[in-house]
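Pasted below: input.txt, compact mmCIF, C-alpha atoms.
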# COMPACT_ATOMS: atom_id res chain seq x y z
CA MET E 819 -19.83 14.55 -11.66
CA ASN E 820 -20.04 17.81 -13.64
CA ILE E 821 -22.08 17.76 -16.83
CA SER E 822 -20.78 19.52 -19.93
CA PRO E 823 -22.90 22.50 -21.09
CA GLU E 824 -22.50 21.34 -24.71
CA GLY E 825 -23.91 17.82 -24.78
CA SER E 826 -23.11 17.32 -28.47
CA SER E 827 -19.36 17.79 -27.93
CA ALA E 828 -17.00 14.85 -27.88
CA VAL E 829 -14.31 16.89 -26.09
CA LEU E 830 -14.74 20.26 -24.42
CA CYS E 831 -12.02 22.25 -22.64
CA ARG E 832 -12.71 25.44 -20.72
CA ASN E 833 -9.84 27.62 -19.39
CA ALA E 834 -7.53 24.57 -19.22
CA THR E 835 -4.33 25.63 -17.42
CA LEU E 836 -1.44 23.41 -16.38
CA SER E 837 2.14 24.00 -15.23
CA TYR E 838 4.77 21.46 -14.25
CA GLY E 839 6.99 21.60 -11.20
CA ARG E 840 6.61 21.78 -7.44
CA GLU E 841 5.48 25.42 -7.51
CA SER E 842 3.39 25.11 -10.63
CA SER E 843 1.65 28.43 -10.09
CA LYS E 844 5.00 30.26 -10.46
CA ASN E 845 6.17 28.36 -13.56
CA ARG E 846 5.39 29.09 -17.15
CA PRO E 847 2.21 27.19 -18.01
CA VAL E 848 2.21 24.51 -20.68
CA LEU E 849 -1.53 25.04 -21.14
CA ASN E 850 -2.67 28.60 -20.59
CA ARG E 851 -6.47 29.00 -20.37
CA LEU E 852 -7.03 26.77 -23.35
CA ASN E 853 -10.59 26.62 -24.76
CA LEU E 854 -11.36 23.81 -27.18
CA GLN E 855 -14.50 22.13 -28.52
CA LEU E 856 -14.44 18.97 -30.63
CA ASP E 857 -17.78 17.80 -32.04
CA LYS E 858 -18.83 14.17 -32.19
CA GLY E 859 -18.14 12.29 -35.41
CA THR E 860 -15.36 14.66 -36.50
CA ILE E 861 -11.68 13.89 -37.03
CA TYR E 862 -9.22 16.47 -35.71
CA GLY E 863 -5.46 16.74 -36.07
CA LEU E 864 -3.49 18.33 -33.24
CA LEU E 865 -0.41 19.99 -34.72
CA GLY E 866 2.40 21.99 -33.14
CA PRO E 867 6.14 22.10 -32.46
CA SER E 868 7.84 19.84 -29.94
CA GLY E 869 7.11 20.86 -26.37
CA CYS E 870 4.07 23.00 -27.11
CA GLY E 871 1.76 20.83 -25.00
CA LYS E 872 0.12 18.34 -27.39
CA THR E 873 0.88 15.27 -25.27
CA THR E 874 0.02 17.18 -22.12
CA LEU E 875 -3.40 18.10 -23.53
CA LEU E 876 -4.08 14.47 -24.52
CA LYS E 877 -3.17 13.29 -21.01
CA CYS E 878 -5.51 15.89 -19.52
CA ILE E 879 -8.32 14.72 -21.81
CA LEU E 880 -7.71 11.13 -20.73
CA GLY E 881 -7.63 12.13 -17.08
CA ASN E 882 -4.03 11.10 -16.55
CA LEU E 883 -3.03 14.67 -15.66
CA ARG E 884 -4.91 17.08 -13.43
CA LEU E 885 -5.31 20.66 -14.49
CA ASN E 886 -4.20 23.44 -12.17
CA PHE E 887 -7.21 25.39 -13.34
CA GLY E 888 -10.11 24.84 -15.70
CA GLN E 889 -12.05 21.75 -16.71
CA VAL E 890 -12.23 19.07 -19.40
CA TRP E 891 -15.33 17.13 -20.46
CA VAL E 892 -15.44 14.02 -22.66
CA PHE E 893 -18.89 13.08 -23.96
CA GLY E 894 -20.37 15.47 -21.42
CA GLN E 895 -18.58 14.01 -18.39
CA THR E 896 -15.48 15.22 -16.57
CA THR E 897 -12.53 12.86 -16.73
CA PRO E 898 -11.81 10.41 -15.33
CA THR E 899 -15.43 9.28 -15.73
CA PHE E 900 -15.20 6.03 -13.71
CA GLY E 901 -17.92 4.51 -15.91
CA THR E 902 -20.54 7.18 -15.15
CA HIS E 903 -23.48 7.00 -17.56
CA GLY E 904 -21.74 4.12 -19.32
CA ILE E 905 -18.76 6.27 -20.36
CA HIS E 906 -15.29 4.84 -19.64
CA VAL E 907 -12.59 7.50 -20.11
CA PRO E 908 -9.91 6.41 -19.56
CA GLY E 909 -10.98 2.89 -20.44
CA LYS E 910 -12.60 0.93 -23.21
CA ASP E 911 -14.16 4.02 -24.85
CA VAL E 912 -10.68 5.37 -25.75
CA GLY E 913 -8.31 4.29 -28.48
CA TYR E 914 -4.89 5.58 -27.48
CA MET E 915 -1.65 5.32 -29.44
CA PRO E 916 1.35 6.96 -27.72
CA GLN E 917 4.20 8.44 -29.71
CA ASP E 918 6.51 5.61 -28.55
CA LEU E 919 5.94 1.89 -29.04
CA ALA E 920 4.98 1.41 -25.35
CA LEU E 921 4.30 -2.33 -25.60
CA HIS E 922 5.55 -5.05 -23.26
CA PRO E 923 8.81 -6.19 -24.88
CA ASN E 924 8.48 -9.79 -23.62
CA PHE E 925 4.95 -10.33 -25.00
CA LYS E 926 4.16 -11.88 -28.33
CA ILE E 927 1.72 -9.96 -30.52
CA LYS E 928 -0.98 -12.51 -29.81
CA GLU E 929 -0.41 -12.08 -26.07
CA ILE E 930 -0.62 -8.29 -26.38
CA PHE E 931 -3.95 -8.54 -28.20
CA TYR E 932 -5.28 -10.86 -25.50
CA PHE E 933 -3.94 -8.70 -22.63
CA TYR E 934 -5.48 -5.46 -23.83
CA GLY E 935 -8.60 -7.27 -25.02
CA LYS E 936 -9.29 -8.52 -21.50
CA ILE E 937 -8.63 -5.06 -20.05
CA ASN E 938 -11.21 -3.62 -22.45
CA ASP E 939 -13.85 -6.29 -21.71
CA HIS E 940 -13.66 -8.13 -25.06
CA ASP E 941 -14.89 -11.69 -24.83
CA ASP E 942 -12.70 -14.66 -25.72
CA LYS E 943 -14.71 -15.46 -28.86
CA GLU E 944 -14.16 -12.00 -30.30
CA MET E 945 -10.43 -12.13 -29.52
CA LEU E 946 -10.20 -15.61 -31.08
CA ILE E 947 -11.70 -14.25 -34.32
CA GLN E 948 -9.14 -11.44 -34.38
CA ASN E 949 -6.31 -13.90 -33.72
CA GLU E 950 -7.42 -16.15 -36.56
CA LYS E 951 -7.79 -13.15 -38.84
CA HIS E 952 -4.16 -12.22 -38.26
CA SER E 953 -2.84 -15.75 -37.76
CA GLU E 954 -0.05 -15.36 -40.31
CA ASN E 955 1.45 -12.52 -38.29
CA LEU E 956 0.87 -14.06 -34.87
CA GLN E 957 2.98 -17.20 -35.06
CA SER E 958 6.11 -16.57 -33.08
CA TYR E 959 7.05 -12.90 -33.35
CA ASN E 960 8.16 -10.95 -30.31
CA ILE E 961 7.98 -7.23 -29.86
CA PRO E 962 11.61 -6.09 -30.50
CA ASP E 963 13.68 -5.41 -27.45
CA LEU E 964 14.35 -1.71 -27.10
CA MET E 965 17.60 -3.46 -23.89
CA LYS E 966 44.48 -27.48 10.87
CA ARG E 967 47.64 -27.85 10.71
CA GLY E 968 48.55 -28.21 14.38
CA MET E 969 51.16 -26.25 16.35
CA GLY E 970 54.59 -27.85 16.21
CA TYR E 971 55.85 -28.19 19.77
CA GLU E 972 57.94 -31.35 19.52
CA ASN E 973 61.27 -29.47 19.66
CA VAL E 974 60.36 -27.13 22.55
CA SER E 975 62.66 -27.67 25.57
CA VAL E 976 61.42 -28.24 29.12
CA ASP E 977 63.03 -24.96 30.25
CA VAL E 978 61.09 -23.00 27.71
CA ALA E 979 57.90 -24.82 28.57
CA LEU E 980 58.21 -24.26 32.30
CA GLY E 981 59.79 -20.83 32.49
CA GLY E 982 59.75 -19.30 29.09
CA SER E 983 57.14 -17.28 27.20
CA VAL E 984 55.83 -17.27 23.67
CA PHE E 985 54.88 -13.88 22.22
CA ILE E 986 52.25 -13.87 19.45
CA SER E 987 51.10 -10.85 17.49
CA LEU E 988 47.66 -11.21 15.91
CA ASP E 989 46.01 -9.26 13.14
CA GLN E 990 43.16 -7.66 15.06
CA THR E 991 41.68 -6.08 11.94
CA VAL E 992 39.99 -9.46 11.32
CA LEU E 993 38.58 -9.72 14.82
CA LEU E 994 36.74 -13.03 14.63
CA THR E 995 39.70 -14.78 13.00
CA ALA E 996 42.03 -13.36 15.66
CA MET E 997 39.74 -14.62 18.43
CA LEU E 998 39.61 -18.10 16.91
CA LEU E 999 43.42 -18.18 16.54
CA GLN E 1000 43.85 -17.11 20.14
CA GLU E 1001 41.56 -19.93 21.26
CA LYS E 1002 43.44 -22.48 19.14
CA PHE E 1003 46.81 -21.35 20.53
CA LEU E 1004 45.55 -21.78 24.10
CA GLU E 1005 44.11 -25.22 23.30
CA ALA E 1006 47.40 -26.28 21.68
CA TYR E 1007 49.43 -25.10 24.67
CA ALA E 1008 47.11 -26.93 27.09
CA GLU E 1009 47.62 -30.12 25.10
CA PHE E 1010 51.39 -29.55 25.04
CA ALA E 1011 51.53 -28.93 28.81
CA LEU E 1012 49.49 -32.05 29.51
CA ASN E 1013 51.81 -34.21 27.41
CA LEU E 1014 54.82 -32.61 29.06
CA VAL E 1015 53.80 -33.30 32.67
CA GLN E 1016 52.79 -36.82 31.75
CA SER E 1017 56.26 -37.42 30.30
CA ILE E 1018 57.93 -36.42 33.60
CA ASP E 1019 55.51 -38.40 35.80
CA THR E 1020 53.79 -35.33 37.26
CA ASN E 1021 50.14 -35.05 38.23
CA PRO E 1022 48.39 -33.94 34.97
CA SER E 1023 45.69 -32.08 36.90
CA LEU E 1024 48.26 -29.33 37.51
CA THR E 1025 47.87 -28.20 33.89
CA ILE E 1026 44.08 -28.21 33.84
CA LEU E 1027 42.24 -24.96 34.53
CA PRO E 1028 39.46 -25.24 37.11
CA ILE E 1029 37.05 -23.59 34.63
CA ASN E 1030 35.26 -25.86 32.18
CA PHE E 1031 33.08 -24.71 29.29
CA THR E 1032 30.37 -27.29 28.67
CA GLN E 1033 28.09 -27.74 25.67
CA PRO E 1034 26.72 -24.32 24.60
CA PHE E 1035 23.20 -23.48 25.73
CA TYR E 1036 22.47 -22.10 22.24
CA GLY E 1037 24.56 -22.57 19.15
CA ALA E 1038 27.23 -25.06 18.13
CA GLN E 1039 30.44 -25.92 19.93
CA VAL E 1040 32.48 -24.89 16.89
CA LYS E 1041 31.79 -21.23 16.10
CA THR E 1042 31.97 -19.74 12.62
CA PHE E 1043 31.36 -16.24 11.34
CA THR E 1044 28.85 -17.63 8.82
CA ASP E 1045 26.57 -18.97 11.56
CA TYR E 1046 26.07 -15.50 13.00
CA MET E 1047 25.77 -13.61 9.72
CA ALA E 1048 23.69 -15.98 7.57
CA PRO E 1049 20.22 -15.24 9.04
CA GLY E 1050 20.71 -11.49 8.79
CA VAL E 1051 22.28 -11.70 5.33
CA ILE E 1052 19.23 -13.58 4.04
CA LEU E 1053 16.96 -10.75 5.20
CA GLN E 1054 19.33 -8.04 4.01
CA LEU E 1055 19.63 -9.46 0.51
CA THR E 1056 15.89 -10.12 0.27
CA TYR E 1057 15.15 -6.52 1.26
CA ALA E 1058 17.78 -4.98 -1.02
CA MET E 1059 16.80 -7.02 -4.10
CA SER E 1060 13.13 -6.20 -3.60
CA VAL E 1061 13.88 -2.47 -3.38
CA SER E 1062 16.06 -2.45 -6.49
CA LEU E 1063 13.94 -4.67 -8.73
CA THR E 1064 10.67 -2.96 -7.85
CA GLY E 1065 12.00 0.57 -8.17
CA ILE E 1066 13.87 0.00 -11.42
CA GLY E 1067 11.09 -2.13 -12.91
CA ALA E 1068 8.45 0.52 -12.29
CA ILE E 1069 10.65 3.25 -13.79
CA ILE E 1070 11.36 1.17 -16.91
CA GLU E 1071 7.64 0.58 -17.44
CA ARG E 1072 6.97 4.29 -17.07
CA LYS E 1073 9.75 5.22 -19.51
CA LEU E 1074 8.50 2.72 -22.08
CA GLY E 1075 5.11 4.40 -21.96
CA LEU E 1076 3.37 1.32 -20.59
CA VAL E 1077 1.92 3.26 -17.67
CA ASP E 1078 0.34 5.87 -19.94
CA ARG E 1079 -1.03 3.20 -22.25
CA LEU E 1080 -2.50 1.17 -19.40
CA SER E 1081 -3.92 4.30 -17.77
CA ALA E 1082 -5.58 5.19 -21.06
CA SER E 1083 -7.14 1.72 -21.01
CA GLY E 1084 -8.75 2.44 -17.66
CA VAL E 1085 -6.21 0.72 -15.41
CA THR E 1086 -5.98 2.73 -12.20
CA GLU E 1087 -2.82 3.62 -10.31
CA THR E 1088 -3.86 1.25 -7.50
CA ILE E 1089 -4.19 -1.66 -9.92
CA LEU E 1090 -0.80 -0.85 -11.44
CA MET E 1091 0.83 -0.87 -7.99
CA LEU E 1092 -0.86 -4.13 -7.00
CA SER E 1093 0.08 -5.85 -10.26
CA LEU E 1094 3.70 -4.78 -9.88
CA MET E 1095 3.75 -6.05 -6.29
CA ILE E 1096 2.23 -9.42 -7.27
CA VAL E 1097 4.79 -9.95 -10.04
CA GLN E 1098 7.67 -9.00 -7.74
CA CYS E 1099 6.33 -11.39 -5.06
CA PHE E 1100 6.71 -14.28 -7.50
CA ILE E 1101 10.28 -13.19 -8.26
CA MET E 1102 10.97 -12.75 -4.54
CA THR E 1103 9.77 -16.30 -3.86
CA GLY E 1104 12.49 -17.68 -6.11
CA GLN E 1105 15.11 -15.41 -4.57
CA ILE E 1106 14.22 -16.50 -1.03
CA ALA E 1107 14.32 -20.17 -2.07
CA ILE E 1108 17.83 -19.73 -3.53
CA LEU E 1109 19.05 -17.91 -0.40
CA PHE E 1110 17.78 -20.65 1.92
CA ILE E 1111 19.25 -23.39 -0.28
CA MET E 1112 22.65 -21.66 -0.25
CA ALA E 1113 22.56 -21.04 3.51
CA LEU E 1114 21.35 -24.47 4.60
CA LEU E 1115 22.76 -26.84 1.98
CA VAL E 1116 25.86 -25.11 0.62
CA PHE E 1117 27.18 -23.25 3.70
CA ASN E 1118 25.66 -25.78 6.16
CA THR E 1119 24.35 -23.07 8.47
CA PRO E 1120 22.90 -24.59 11.66
CA PHE E 1121 19.11 -24.49 11.67
CA LEU E 1122 17.09 -25.56 14.73
CA GLY E 1123 13.73 -23.83 14.28
CA SER E 1124 10.70 -23.84 12.02
CA LEU E 1125 11.47 -23.44 8.32
CA ALA E 1126 7.99 -22.04 7.66
CA LEU E 1127 8.49 -19.35 10.31
CA ALA E 1128 11.91 -18.39 8.93
CA VAL E 1129 10.49 -18.15 5.40
CA LEU E 1130 7.60 -16.01 6.69
CA ILE E 1131 10.01 -13.56 8.32
CA ALA E 1132 12.05 -13.34 5.11
CA TYR E 1133 8.93 -12.95 2.96
CA LEU E 1134 7.55 -10.11 5.09
CA GLN E 1135 10.95 -8.42 4.98
CA GLY E 1136 10.95 -8.74 1.21
CA ILE E 1137 7.47 -7.21 0.97
CA SER E 1138 8.58 -4.22 3.06
CA GLY E 1139 11.49 -3.74 0.64
CA LEU E 1140 9.11 -4.15 -2.29
CA VAL E 1141 6.84 -1.39 -0.98
CA PHE E 1142 9.85 0.84 -0.32
CA GLY E 1143 10.79 0.24 -3.96
CA LEU E 1144 7.44 1.81 -4.94
CA ILE E 1145 8.51 4.94 -3.08
CA VAL E 1146 11.84 4.88 -4.92
CA SER E 1147 10.07 4.58 -8.28
CA ALA E 1148 7.86 7.53 -7.43
CA VAL E 1149 10.66 9.96 -6.52
CA CYS E 1150 13.14 8.86 -9.21
CA THR E 1151 12.85 9.32 -12.95
CA GLU E 1152 15.87 7.29 -14.11
CA GLU E 1153 17.13 3.79 -13.36
CA THR E 1154 20.51 5.14 -12.24
CA GLN E 1155 18.81 7.39 -9.70
CA ALA E 1156 16.82 4.45 -8.33
CA MET E 1157 19.95 2.30 -8.09
CA GLN E 1158 21.87 5.07 -6.29
CA LEU E 1159 19.03 5.61 -3.84
CA ALA E 1160 18.70 1.87 -3.22
CA LEU E 1161 22.44 1.50 -2.58
CA GLY E 1162 22.42 4.67 -0.47
CA THR E 1163 19.94 3.03 1.89
CA PHE E 1164 21.40 -0.49 1.65
CA TYR E 1165 24.83 0.19 3.17
CA PRO E 1166 23.72 2.16 6.27
CA ILE E 1167 21.07 -0.48 6.96
CA MET E 1168 23.62 -3.28 6.54
CA LEU E 1169 26.07 -1.61 8.94
CA LEU E 1170 23.56 -0.57 11.60
CA SER E 1171 20.99 -3.38 11.66
CA GLY E 1172 23.07 -5.93 13.58
CA VAL E 1173 23.75 -8.11 10.54
CA ILE E 1174 27.54 -7.81 10.66
CA TRP E 1175 28.12 -7.24 14.37
CA PRO E 1176 25.87 -7.23 17.46
CA LEU E 1177 23.77 -4.20 18.25
CA ASN E 1178 25.54 -3.86 21.61
CA ALA E 1179 28.78 -3.22 19.74
CA ILE E 1180 27.35 -0.27 17.78
CA PRO E 1181 28.49 3.00 19.40
CA TYR E 1182 26.14 5.49 20.98
CA PRO E 1183 23.94 7.12 19.68
CA LEU E 1184 23.86 5.04 16.47
CA ASN E 1185 22.65 2.01 18.43
CA TYR E 1186 19.34 3.82 18.98
CA VAL E 1187 19.06 4.55 15.27
CA SER E 1188 19.42 0.83 14.60
CA TYR E 1189 16.05 0.04 16.12
CA PHE E 1190 14.29 2.26 13.58
CA LEU E 1191 15.64 0.32 10.57
CA PRO E 1192 13.50 -2.32 8.82
CA PRO E 1193 15.82 -5.37 9.15
CA THR E 1194 17.08 -4.87 12.74
CA LEU E 1195 14.49 -6.69 14.87
CA PRO E 1196 13.51 -9.12 12.07
CA ALA E 1197 17.20 -10.11 11.72
CA ALA E 1198 17.37 -10.81 15.46
CA ALA E 1199 14.19 -12.86 15.18
CA MET E 1200 15.57 -14.80 12.21
CA ARG E 1201 18.78 -15.52 14.13
CA ASP E 1202 16.74 -16.81 17.08
CA VAL E 1203 14.82 -19.16 14.78
CA PHE E 1204 18.01 -20.39 13.08
CA LEU E 1205 20.35 -20.85 16.06
CA ARG E 1206 18.05 -21.14 19.08
CA GLY E 1207 15.06 -22.90 17.57
CA TRP E 1208 12.65 -20.37 19.02
CA GLY E 1209 9.05 -20.13 17.86
CA VAL E 1210 6.52 -17.35 17.56
CA SER E 1211 5.69 -17.62 21.30
CA TYR E 1212 8.97 -15.89 22.14
CA ARG E 1213 8.89 -12.13 22.38
CA GLU E 1214 11.92 -11.51 20.17
CA VAL E 1215 10.37 -13.55 17.36
CA TRP E 1216 6.88 -12.05 17.31
CA GLU E 1217 8.40 -8.59 17.70
CA GLY E 1218 10.34 -9.22 14.48
CA LEU E 1219 7.15 -10.27 12.70
CA LEU E 1220 5.24 -7.27 14.04
CA VAL E 1221 7.97 -4.83 12.98
CA ASN E 1222 7.88 -6.25 9.45
CA VAL E 1223 4.12 -5.67 9.24
CA MET E 1224 4.47 -2.15 10.66
CA PHE E 1225 7.07 -1.18 8.08
CA ILE E 1226 4.93 -2.63 5.27
CA VAL E 1227 1.97 -0.49 6.36
CA LEU E 1228 4.18 2.58 6.83
CA PHE E 1229 5.94 2.28 3.47
CA LEU E 1230 2.69 1.49 1.67
CA SER E 1231 1.02 4.59 3.11
CA ILE E 1232 4.00 6.74 2.09
CA ALA E 1233 4.10 5.14 -1.37
CA ILE E 1234 0.41 5.85 -1.99
CA ALA E 1235 0.73 9.44 -0.80
CA VAL E 1236 3.93 10.16 -2.75
CA ARG E 1237 2.72 8.54 -5.97
CA LYS E 1238 -0.56 10.45 -5.81
CA ILE E 1239 1.32 13.71 -5.36
CA LEU E 1240 3.93 13.07 -8.04
CA TRP E 1241 1.79 11.03 -10.46
CA TYR E 1242 0.29 14.11 -12.07
CA ARG E 1243 3.62 15.94 -12.29
CA ARG E 1244 5.41 13.45 -14.54
If you took the structure in this file and wrote it as structure tokens, what would it be?
Amino acid sequence: MNISPEGSSAVLCRNATLSYGRESSKNRPVLNRLNLQLDKGTIYGLLGPSGCGKTTLLKCILGNLRLNFGQVWVFGQTTPTFGTHGIHVPGKDVGYMPQDLALHPNFKIKEIFYFYGKINDHDDKEMLIQNEKHSENLQSYNIPDLMKRGMGYENVSVDVALGGSVFISLDQTVLLTAMLLQEKFLEAYAEFALNLVQSIDTNPSLTILPINFTQPFYGAQVKTFTDYMAPGVILQLTYAMSVSLTGIGAIIERKLGLVDRLSASGVTETILMLSLMIVQCFIMTGQIAILFIMALLVFNTPFLGSLALAVLIAYLQGISGLVFGLIVSAVCTEETQAMQLALGTFYPIMLLSGVIWPLNAIPYPLNYVSYFLPPTLPAAAMRDVFLRGWGVSYREVWEGLLVNVMFIVLFLSIAIAVRKILWYRR
């Protein structure tokens, strides 16, 4: 911790230089070797035209922006002080009012007082006195919102049945439906042939194929497209919603000025990320509950395994999407950009992760790319839990769990690195 040479100064800047952009050294500086000394107990007004660097200087004093060159001291300590020598800048030693409202739009005024009071270490008794003092204004106001019909074969003649042919053209663009229709046609003809030979006193075994399909080893006798897709769709939607809500939510908070205000109150970037993740986890819990209710109770998807294990797989998948949303919020500045980036990753993942069709049906070399996508192995694990009743002792299931954890760690590491790099360039 560097000590200011002028101990009596409240704020001291020496050669403060800052430029925005990726190659900040080549851009025109916002602050160019600024020297400033503000004495304790003195009121100063910082005046200047729009864009001259007033807000930038305040953020540098608070420690929310890093200088490219030079140094800033507050009460003799470089910022951020991290509580050194009892000085908390940013933190409870700073009163900060941004140029925008920058208050949580869903909080009542009383709740805002309590929220920031707890951040700044005020005890409940002191906050109660302030609430009673302003009780007339703290009743119920909200901060304003700134936003089988069977086949008919009765009239078919014996000649047609024995020597004729029926030609059927199917719509192969809907492959699963075409396969089911083909199966139904064959079953209907087998029933027709059996009735026919019985009517002419012929051995009915002549119409029976020597191949018999018994009860399926896994899955139901009656196949539906929903049975295959539902487990993967649950993961895909959980992942996509987590990415979108987290990314857009973080950007909205930053645009409202909440991040700057909280940073000025001493809330670190790590705490902001953790708080956002915790809130989104509560939201994700409700989303996962709705998805399972729809899949199991509304669409009657077969389920043979452990519900707790299936929920765990979905929850881990949602957390990986949540952490990826932090990356999105770091690289995007507008909600539309975050939504475009989220959708840009959603569709390739949906098409290549085995949710819609099996991985073996994906052409080379895209099938290799599939294994590097977050939902691929977890979706296979979820399908094994749903339709096969497998537990965590099976390799495919614990591989899906492990892949979820690996992507969470990977995305979290990238999010921390990216946000640290871009945090001071906003």
(message) Between atom CA of E:Met1224 and atom CA of E:Pro1192, what distance in Å does the model show, to one decimal?
(response) 9.2 Å
(request) Counting only C-alpha atoms, figure out which residue out of E:Ala1132, E:Ala1148, E:Leu1170, E:Val1085 gets nearest to E:Gly1067. (result)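 The answer is E:Ala1148, which sits nearest to E:Gly1067.
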(request) Find the spatial neighbours of E:Arg884, counting all atoms listed in the file, within a cut-off of 8 Å - ignore same-chain residues fewer than 2 positions away - and output them as a PyMOL selection string. (result) chain E and resi 836+878+881-882+886+1242
(request) May I ask which of the residues E:Tyr1007, E:Trp1175, E:Phe1110, E:Phe1204 is the closest one to E:Tyr1133, counting only C-alpha atoms? (result)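 Between E:Tyr1007, E:Trp1175, E:Phe1110, E:Phe1204, the residue approaching E:Tyr1133 most closely is E:Phe1110.
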(request) Kindly indicate which residue among E:Arg846, E:Lys936, E:Arg1079, E:Arg832 lies nearest to E:Ala920, using all atoms listed in the file for the distances. (result)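 Of all the options, E:Arg1079 lies closest to E:Ala920.
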(request) Using only C-alpha atoms, pick whichever of E:Leu1230, E:Ile1101, E:Ile1131, E:Ala996 has the shortest atom-to-atom distance to E:Pro1049. (result)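 Ranked by minimum distance to E:Pro1049, first place goes to E:Ile1131.
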(message) Taking (6.7, -2.7, 11.9) in the coordinates of the supplied file, I want to know which residues reach to within 10 Å of it, counting all atoms listed in the file; could you give the answer as a list in words?
(response)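 Residues close enough to count: Gln1135, Ser1138, Phe1190, Leu1191, Pro1192, Pro1193, Leu1195, Pro1196, Glu1217, Gly1218, Leu1219, Leu1220, Val1221, Asn1222, Val1223, Met1224, Phe1225, Ile1226, Val1227, Leu1228 and Phe1229 of chain E.
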(request) Would you please work out which residue, of E:Val1236, E:Leu1094, E:Ile1052, E:Val1203, is nearest to E:Glu1071 when using all atoms listed in the file? (result)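 Counting all atoms listed in the file, the residue closest to E:Glu1071 is E:Leu1094.
You can rank E:Ala828, E:Leu1080, E:Ile986, E:Ala1235 by their closest distance to E:Met915 using all atoms listed in the file, and at the top of that list sits E:Leu1080.
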(message) Just to confirm, what's the straight-line distance from atom CA of E:Pro847 to atom CA of E:Ala1082 in Å (one decimal)?
(response)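 That distance, rounded to one decimal, is 23.5 Å.
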(message) Between atom CA of E:Val829 and atom CA of E:Phe887, what distance in Å does the model show, to one decimal?
(response)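 Separating atom CA of E:Val829 from atom CA of E:Phe887 is a distance of 16.9 Å.
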(request) Just the residues within 9 Å of E:Glu1087, please, counting all atoms listed in the file, with nothing from its chain fewer than 5 positions along; format it as a list in words. (result)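 The contact residues come out as Val1077, Ser1081, Leu1092, Arg1237, Lys1238 and Trp1241 of chain E.
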